[in-house]
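K.L.:
Here it is: the structure, laid out below.
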Amino acid sequence: MPELPEVETVRRGLADTIVGRRIDRVEVGRERTVRRTSKQALIDGLTGVSIMEVQRRGKYLLAPLDSGYWMMVHLRMSGRLLVAAAGTERPPHTHVALTFGPDELWFVDPRTFGEVVVYDPERAAEEMPELAKLGVDPVVDRFDRTVLARALAGTSRPVKTVLLDQHRIAGLGNIYTDEVLHRARVRFDRPASALRPVEITRLSKAIVEVLSAAIEAGGSTLVDTQYVDVAGRTGEFQHQHLVYGRQDEGCLTCEKAVIRRSTVGGRSTFYCPRCQR
DNA sequence: AAACAAACCTGTGCGC
DNA sequence: TGCGCACAGGTTTGTT
């Protein structure tokens, strides 16, 4: 579900609510959510501790704690973080609840792919090996056509597959790759290494522009309203989607062709056969 | 290296 | 109404 703009929106919501505050109670209702360590490890790692800051890298939320440890949250497909008044009825699938005085932070996740973990930053290489493998984050890191060219180099895989590869670029998911490729007028199945310099330039600009606009809009909430921010508000960027989920509808860019749906790497892919070459 | 499928889960929407 | 199936924003793992 959540891609970079949604995770960034959640990050900002946490920064405005629970950062700097002490956790006085930790409840874990589902072991699977803390599978990397254990229920007791999460309780011990968070009780009585303050969250000093919330950072984001790709789709990972990383929060340094005043204990010297860090908390990592990944929402995967259906995870949500919600801040609400303590005592409010918790939604179904609330697997972790942190109490901060009068407020609570809930990790809600129907599909249970998401996870919450407290780890030792000194041992991040062993405990959180995927973090070191993350590629460039187009919002946090310097990102331009040179950086993108490097990320796309050396592979003839479809450009969409490469954009989705978190080891090369961290943060793009299925919605935003399609939106970015459309705005850059590049077909999803072009071999990454075959893009011309002018196309790489367009693509790098599209990545920054789409992600910025999507963050500005608070992310995308699809018809199932799965994604909401920490206050339960929906995003609004779905109204600016030009291709995602629009198969058989007219292209809003050329107003002539019809948006098509295809599959790449097992993921639904939406594109305009006329605009994207 | 790369392409694919399966796996992890639950919910929803659709055709019949 | 109910049933079965396809499909879903992510990532890892195993198989050709």
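Simple scheme: letters A, B, ... for chains in structure tokens order, numbers from 1 for residues in each chain, numbers from 1 for ligands in the order shown.
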Compute the chain B side of the contact with chain A at 10 Å, counting only C-alpha atoms (C1' of nucleotides), and hand it back as a list in words.
P.N.:
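Result, ordered by chain then number: DA1, DA2, DA3, DC4, DA5, DC8, DC9, DT10, DG11 and DT12 of chain B.
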K.L.:
Per residue of chain A within 7 Å of chain C, record the nearest atom pair and its distance in Å to one decimal, counting only C-alpha atoms (C1' of nucleotides), with rows in chain order and ascending residue number, as a Markdown table.
P.N.:
| residue | atom | partner | partner_atom | distance |
| --- | --- | --- | --- | --- |
| A:Met1 | CA | C:DG9 | C1' | 2.3 |
| A:Pro2 | CA | C:DG9 | C1' | 4.9 |
| A:Glu3 | CA | C:DG9 | C1' | 6.5 |
| A:Arg76 | CA | C:DG10 | C1' | 4.8 |
| A:Met77 | CA | C:DG10 | C1' | 5.5 |
| A:Asn174 | CA | C:DG9 | C1' | 6.9 |
K.L.:
Can you measure CA of Met128 in chain A to CA of Asp178 in chain A for me? One decimal in Å is fine.
P.N.:
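Distance between the two atoms: 29.1 Å.
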K.L.:
Determine the nearest neighbour of Asp137 in chain A from the options A:Ala149, A:His239, A:Asp189, A:Gly58, counting only C-alpha atoms.
P.N.:
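Closest to Asp137 in chain A, using only C-alpha atoms: A:Gly58.
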K.L.:
Can you measure CA of Val117 in chain A to CA of Leu81 in chain A for me? One decimal in Å is fine.
P.N.:
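Separation of CA of Val117 in chain A and CA of Leu81 in chain A: 14.2 Å.
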K.L.:
Which residues in range 101-257 of chain A does DSSP call strand (DSSP E)? List them as a PyMOL selection string.
P.N.:
chain A and resi 103-108+115-119
K.L.:
Take the residues from that selection and put them in a file with N, CA and C atoms, as a PDB file, in the first residue's frame.
P.N.:
ATOM      1  N   ASP A 103      -2.397  10.010  24.883  1.00  0.00           N
ATOM      2  CA  ASP A 103      -2.492   9.586  23.482  1.00  0.00           C
ATOM      3  C   ASP A 103      -1.957   8.179  23.278  1.00  0.00           C
ATOM      4  N   GLU A 104      -2.412   7.572  22.202  1.00  0.00           N
ATOM      5  CA  GLU A 104      -1.904   6.250  21.829  1.00  0.00           C
ATOM      6  C   GLU A 104      -1.495   6.235  20.364  1.00  0.00           C
ATOM      7  N   LEU A 105      -0.486   5.445  20.086  1.00  0.00           N
ATOM      8  CA  LEU A 105      -0.079   5.198  18.705  1.00  0.00           C
ATOM      9  C   LEU A 105      -0.371   3.734  18.418  1.00  0.00           C
ATOM     10  N   TRP A 106      -1.169   3.493  17.383  1.00  0.00           N
ATOM     11  CA  TRP A 106      -1.557   2.123  17.033  1.00  0.00           C
ATOM     12  C   TRP A 106      -0.914   1.706  15.725  1.00  0.00           C
ATOM     13  N   PHE A 107      -0.442   0.477  15.708  1.00  0.00           N
ATOM     14  CA  PHE A 107      -0.008  -0.130  14.452  1.00  0.00           C
ATOM     15  C   PHE A 107      -1.096  -1.104  14.052  1.00  0.00           C
ATOM     16  N   VAL A 108      -1.796  -0.773  12.975  1.00  0.00           N
ATOM     17  CA  VAL A 108      -2.941  -1.557  12.501  1.00  0.00           C
ATOM     18  C   VAL A 108      -2.556  -2.182  11.165  1.00  0.00           C
ATOM     19  N   GLU A 115       5.939  -4.750   9.944  1.00  0.00           N
ATOM     20  CA  GLU A 115       6.634  -5.121  11.173  1.00  0.00           C
ATOM     21  C   GLU A 115       7.109  -3.914  11.954  1.00  0.00           C
ATOM     22  N   VAL A 116       7.301  -4.170  13.234  1.00  0.00           N
ATOM     23  CA  VAL A 116       7.815  -3.170  14.163  1.00  0.00           C
ATOM     24  C   VAL A 116       8.965  -3.837  14.901  1.00  0.00           C
ATOM     25  N   VAL A 117      10.090  -3.152  15.015  1.00  0.00           N
ATOM     26  CA  VAL A 117      11.232  -3.764  15.690  1.00  0.00           C
ATOM     27  C   VAL A 117      12.081  -2.689  16.366  1.00  0.00           C
ATOM     28  N   VAL A 118      12.642  -3.019  17.481  1.00  0.00           N
ATOM     29  CA  VAL A 118      13.640  -2.166  18.121  1.00  0.00           C
ATOM     30  C   VAL A 118      14.982  -2.844  17.890  1.00  0.00           C
ATOM     31  N   TYR A 119      15.948  -2.057  17.393  1.00  0.00           N
ATOM     32  CA  TYR A 119      17.248  -2.664  17.092  1.00  0.00           C
ATOM     33  C   TYR A 119      18.382  -1.779  17.588  1.00  0.00           C
TER      34      TYR A 119
END
K.L.:
CA of Pro129 in chain A to CA of Ile175 in chain A: how many Å, to one decimal?
P.N.:
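It comes out at 26.1 Å.
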